[in-house]
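So this one's protein.txt, compact mmCIF, C-alpha atoms:
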```
# COMPACT_ATOMS: atom_id res chain seq x y z
CA PHE A 242 14.58 21.10 -2.30
CA PHE A 243 14.99 17.70 -3.94
CA GLY A 244 13.78 15.84 -0.84
CA ALA A 245 10.64 17.94 -0.42
CA ASN A 246 9.78 17.74 -4.11
CA HIS A 247 10.20 13.98 -4.20
CA ALA A 248 8.22 13.62 -0.97
CA CYS A 249 5.25 15.37 -2.60
CA VAL A 250 5.36 12.84 -5.41
CA THR A 251 5.59 9.79 -3.15
CA SER A 252 2.79 11.17 -0.98
CA CYS A 253 0.53 11.55 -4.00
CA LEU A 254 1.55 8.13 -5.26
CA SER A 255 0.48 6.54 -1.98
CA LEU A 256 -2.93 8.25 -2.32
CA ALA A 257 -3.51 7.36 -5.98
CA THR A 258 -5.55 4.21 -5.46
CA ALA A 259 -7.40 5.61 -2.45
CA ARG A 260 -8.42 8.72 -4.36
CA PHE A 261 -8.97 7.45 -7.91
CA SER A 262 -9.55 3.70 -7.37
CA SER A 263 -8.83 1.74 -10.58
CA VAL A 264 -7.82 4.92 -12.41
CA GLY A 265 -5.20 5.48 -9.72
CA ALA A 266 -3.84 1.96 -10.19
CA TRP A 267 -3.48 2.49 -13.93
CA GLN A 268 -2.01 5.92 -13.27
CA SER A 269 0.72 4.40 -11.10
CA GLY A 270 1.39 1.78 -13.75
CA ILE A 271 1.86 4.47 -16.42
CA LEU A 272 4.15 6.40 -14.09
CA TYR A 273 6.46 3.42 -13.58
CA LEU A 274 6.31 2.41 -17.25
CA CYS A 275 7.42 5.88 -18.40
CA TYR A 276 9.97 6.00 -15.59
CA THR A 277 11.53 2.75 -16.78
CA GLY A 278 11.59 3.82 -20.42
CA SER A 279 13.10 7.21 -19.61
CA ALA A 280 15.72 5.70 -17.30
CA ILE A 281 16.81 3.10 -19.85
CA PHE A 282 16.79 5.16 -23.03
CA GLY A 283 17.37 8.76 -22.04
CA ALA A 284 18.75 9.37 -18.54
CA THR A 285 22.44 9.43 -19.41
CA ALA A 286 21.98 11.62 -22.49
CA VAL A 287 19.77 14.14 -20.68
CA VAL A 288 22.17 14.55 -17.75
CA LYS A 289 25.16 14.85 -20.08
CA ARG A 290 23.43 17.49 -22.16
CA LEU A 291 21.93 19.60 -19.36
CA GLY A 292 24.37 18.98 -16.54
CA GLY A 293 23.48 17.75 -13.06
CA ARG A 294 21.80 20.87 -11.63
CA ASN A 295 19.77 21.74 -14.73
CA ALA A 296 18.68 18.13 -15.18
CA LEU A 297 17.51 18.15 -11.56
CA VAL A 298 15.46 21.30 -12.16
CA THR A 299 13.94 19.79 -15.31
CA GLY A 300 13.09 16.50 -13.63
CA MET A 301 11.56 18.24 -10.63
CA GLY A 302 9.57 20.44 -12.99
CA LEU A 303 8.14 17.38 -14.73
CA TYR A 304 7.33 15.94 -11.31
CA CYS A 305 5.14 19.01 -10.74
CA PHE A 306 2.90 17.88 -13.60
CA TYR A 307 2.32 14.59 -11.81
CA VAL A 308 1.37 16.34 -8.57
CA ALA A 309 -0.76 18.86 -10.48
CA ALA A 310 -2.68 15.99 -12.08
CA PHE A 311 -4.08 15.01 -8.66
CA LEU A 312 -5.31 18.53 -8.02
CA LEU A 313 -6.80 19.03 -11.50
CA ALA A 314 -8.42 15.60 -11.53
CA SER A 315 -10.05 16.34 -8.17
CA LEU A 316 -11.36 19.66 -9.48
CA ASN A 317 -12.51 18.17 -12.80
CA PRO A 318 -13.79 14.64 -12.11
CA GLN A 319 -15.27 14.38 -15.61
CA TYR A 320 -11.72 14.45 -17.03
CA GLU A 321 -10.20 12.44 -14.21
CA ARG A 322 -8.84 9.61 -16.33
CA SER A 323 -7.17 11.70 -19.03
CA ILE A 324 -5.66 14.15 -16.54
CA ALA A 325 -4.34 11.39 -14.28
CA TYR A 326 -2.76 9.42 -17.12
CA THR A 327 -1.18 12.48 -18.76
CA GLY A 328 0.32 13.67 -15.47
CA ALA A 329 1.68 10.20 -14.76
CA ALA A 330 3.35 9.96 -18.18
CA ILE A 331 5.03 13.35 -17.85
CA GLY A 332 6.09 12.71 -14.26
CA GLY A 333 7.46 9.29 -15.16
CA ILE A 334 9.66 10.76 -17.88
CA GLY A 335 11.10 13.22 -15.37
CA ALA A 336 11.64 10.51 -12.77
CA GLY A 337 13.67 8.49 -15.25
CA PHE A 338 16.61 10.89 -15.27
CA LEU A 339 16.05 12.65 -11.95
CA TRP A 340 18.02 10.19 -9.83
CA THR A 341 20.81 10.03 -12.41
CA ALA A 342 21.01 13.81 -12.23
CA GLN A 343 21.01 13.72 -8.44
CA GLY A 344 23.94 11.30 -8.45
CA ALA A 345 25.90 13.42 -10.92
CA TYR A 346 25.31 16.64 -8.98
CA PHE A 347 26.10 14.95 -5.67
CA THR A 348 29.43 13.71 -7.03
CA VAL A 349 30.46 17.13 -8.34
CA THR A 350 29.48 19.00 -5.17
CA ALA A 351 31.28 16.52 -2.92
CA LYS A 352 34.38 16.87 -5.07
CA ARG A 353 34.27 20.69 -4.96
CA HIS A 354 33.65 20.62 -1.22
CA SER A 355 36.71 18.46 -0.61
CA GLU A 356 38.85 20.69 -2.85
CA VAL A 357 37.81 23.92 -1.14
CA LEU A 358 38.34 22.56 2.38
CA HIS A 359 41.44 20.56 1.40
CA ARG A 360 40.06 17.39 2.87
CA PRO A 361 39.75 13.78 1.62
CA LEU A 362 36.96 13.25 -0.90
CA GLU A 363 35.68 10.29 1.08
CA LYS A 364 35.08 12.48 4.13
CA SER A 365 33.08 15.05 2.15
CA THR A 366 31.11 12.27 0.44
CA ASN A 367 30.23 10.62 3.75
CA GLU A 368 29.16 13.93 5.27
CA PHE A 369 26.99 14.81 2.29
CA SER A 370 25.46 11.33 2.24
CA ALA A 371 24.44 11.62 5.89
CA LEU A 372 22.89 15.06 5.38
CA PHE A 373 21.05 13.97 2.24
CA ALA A 374 19.65 10.85 3.90
CA PHE A 375 18.47 12.81 6.94
CA TYR A 376 16.67 15.57 5.06
CA TYR A 377 15.30 13.23 2.41
CA LEU A 378 13.71 10.85 4.92
CA ALA A 379 12.63 13.60 7.34
CA LEU A 380 10.82 15.59 4.65
CA GLU A 381 9.14 12.47 3.31
CA VAL A 382 7.86 11.55 6.77
CA VAL A 383 6.60 15.09 7.38
CA LEU A 384 4.77 15.45 4.07
CA ARG A 385 3.28 11.96 4.22
CA SER A 386 2.11 12.68 7.75
CA VAL A 387 0.33 15.79 6.49
CA SER A 388 -1.84 13.71 4.17
CA SER A 389 -2.55 11.20 6.93
CA LEU A 390 -3.52 13.85 9.46
CA THR A 391 -5.57 16.01 7.12
CA GLY A 392 -7.15 12.98 5.49
CA SER A 393 -8.48 11.87 8.87
CA ILE A 394 -10.32 15.17 9.21
CA GLN A 395 -13.47 14.84 7.13
CA ALA A 396 -13.96 18.60 6.90
CA ILE A 397 -10.80 18.93 4.79
CA ASP A 398 -11.31 18.29 1.09
CA TRP A 399 -8.90 16.34 -1.14
CA THR A 400 -8.22 19.48 -3.15
CA VAL A 401 -6.72 21.16 -0.07
CA ILE A 402 -4.21 18.33 0.37
CA PHE A 403 -3.25 18.25 -3.30
CA THR A 404 -3.01 22.04 -3.46
CA LEU A 405 -0.53 21.95 -0.59
CA TYR A 406 1.58 19.32 -2.34
CA PHE A 407 1.48 21.23 -5.61
CA ILE A 408 2.60 24.48 -3.98
CA VAL A 409 5.48 22.73 -2.23
CA ALA A 410 6.49 20.99 -5.48
CA ILE A 411 6.50 24.27 -7.41
CA LEU A 412 8.36 26.23 -4.74
CA THR A 413 11.06 23.59 -4.36
CA THR A 414 11.55 23.44 -8.13
CA VAL A 415 11.94 27.21 -8.30
CA GLY A 416 14.24 27.09 -5.28
CA MET A 417 16.43 24.54 -7.03
CA THR A 418 17.24 27.09 -9.75
CA PHE A 419 19.06 29.17 -7.12
CA VAL A 420 21.33 26.29 -6.12
CA GLN A 421 24.92 26.57 -7.32
CA ASN A 422 25.35 25.21 -10.83
CA PHE A 423 28.79 23.64 -11.08
CA HIS A 424 30.01 23.72 -14.65
CA ASP A 425 32.07 20.66 -15.40
CA ALA A 426 33.88 20.11 -18.65
CA THR A 427 32.38 16.66 -19.06
CA ASN A 428 28.86 18.09 -18.76
CA SER A 429 29.31 21.00 -21.15
CA SER A 430 26.40 21.25 -23.56
CA VAL A 431 28.78 22.64 -26.18
CA MET A 432 30.93 19.52 -26.07
CA VAL A 433 27.87 17.30 -26.22
CA MET A 434 26.61 19.07 -29.35
CA GLU A 435 29.99 18.52 -31.01
CA GLU A 436 30.03 14.81 -30.30
CA HIS A 437 29.20 12.31 -33.01
CA GLN A 438 25.63 11.05 -33.26
CA SER A 439 26.74 7.50 -32.46
CA THR A 440 28.17 8.70 -29.15
CA TRP A 441 24.81 10.24 -28.26
CA TRP A 442 23.13 6.96 -29.15
CA TYR A 443 25.56 5.10 -26.90
CA LYS A 444 24.71 7.41 -23.99
CA SER A 445 20.98 7.01 -24.61
CA THR A 446 21.16 3.23 -24.59
CA ALA A 447 23.98 2.78 -22.06
CA THR A 448 21.74 0.91 -19.63
CA VAL A 449 20.49 -1.54 -22.24
CA GLN A 450 24.02 -2.17 -23.53
CA LEU A 451 25.25 -2.85 -20.01
CA LEU A 452 22.49 -5.43 -19.61
CA TYR A 453 23.80 -7.35 -22.61
CA GLN A 454 27.51 -6.78 -22.06
CA ASP A 455 27.73 -7.66 -18.38
CA LYS A 456 26.64 -11.24 -17.74
CA LYS A 457 26.06 -10.52 -14.04
CA MET A 458 23.36 -7.91 -14.78
CA LYS A 459 20.65 -10.46 -15.55
CA TYR A 460 20.95 -11.80 -11.98
CA MET A 461 20.45 -8.38 -10.37
```
Now, as a test, write the supplied structure out as structure tokens.
Amino acid sequence: FFGANHACVTSCLSLATARFSSVGAWQSGILYLCYTGSAIFGATAVVKRLGGRNALVTGMGLYCFYVAAFLLASLNPQYERSIAYTGAAIGGIGAGFLWTAQGAYFTVTAKRHSEVLHRPLEKSTNEFSALFAFYYLALEVVLRSVSSLTGSIQAIDWTVIFTLYFIVAILTTVGMTFVQNFHDATNSSVMVMEEHQSTWWYKSTATVQLLYQDKKMKYM
């Protein structure tokens, strides 16, 4: 679900400039700007509060707004700029904590898998990594190929391509809600609510603090 949803976003991103010209370039800039801000100031706190699975669902849901912006902007060219920029901002916020959530959920599932099968954690992690990489790259190739193939056929309108991406994005987000939600004590929303405000602030700015605390970070 994650791979297909993300592939819809990257496919739209690759079409932004081709479809919207300068508006598409600014749209991509807004997407990355909001992505950076969300990743630096909110990713850790969001994942801690919602948990890995729920944060994934939320991030994928916000991604849907980005994909929907392409469809709505194509249907309403008079509002193209405002729709494109709004969708990019919302999608960028979701992208900021999506990969953090993916890492957290991946870690928990690999751990549970190794416990159930009584096998080394490293073996489960390697197996999951291989499966994730395969499906992630395969789905991205497939969905990007769809835009390339359909875009070469002049009879097919842009709205058809973006409608397809939007449907896939929505379905994969809904599908993600049926994935097992592993409740971990460290991700409990109750515990997070009971924590001191300064702790929440630390989680929100963990990335920025690491930049200043670790001298090696400025070279990365």
Have a look at A:Val264, A:Val383, A:Ala257, A:Ile334 and name the one nearest to Arg322 in chain A; count only C-alpha atoms.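 Closest candidate: A:Val264.
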The distance between CA of Trp340 in chain A and CA of Ala310 in chain A is 21.6 Å
Point (-1.4, 17.4, -9.9) neighbourhood (9 Å, all atoms listed in the file) written as a ChimeraX atom specification: /A:253,304-315,324-325,328,403-404,406-407
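Computed from the coordinates, the CA of Ile408 in chain A to CA of Gly293 in chain A distance equals 23.7 Å.
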Give me the range 297-386 of chain A side of the contact with range 275-287 of chain A, cut-off 7 Å, one line per residue showing its nearest atom pair and distance in Å at one decimal, counting only C-alpha atoms, sorted by chain and residue number, as a tab-separated table.
```
residue	atom	partner	partner_atom	distance
A:Ala330	CA	A:Cys275	CA	5.8
A:Gly333	CA	A:Tyr276	CA	4.2
A:Ile334	CA	A:Ser279	CA	5.2
A:Ala336	CA	A:Tyr276	CA	5.6
A:Gly337	CA	A:Ala280	CA	4.0
A:Phe338	CA	A:Ala284	CA	4.2
A:Thr341	CA	A:Ala284	CA	6.5
```
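For the atom pair formed by CA of Thr418 in chain A and CA of Glu381 in chain A, the distance is 21.2 Å, given to one decimal.
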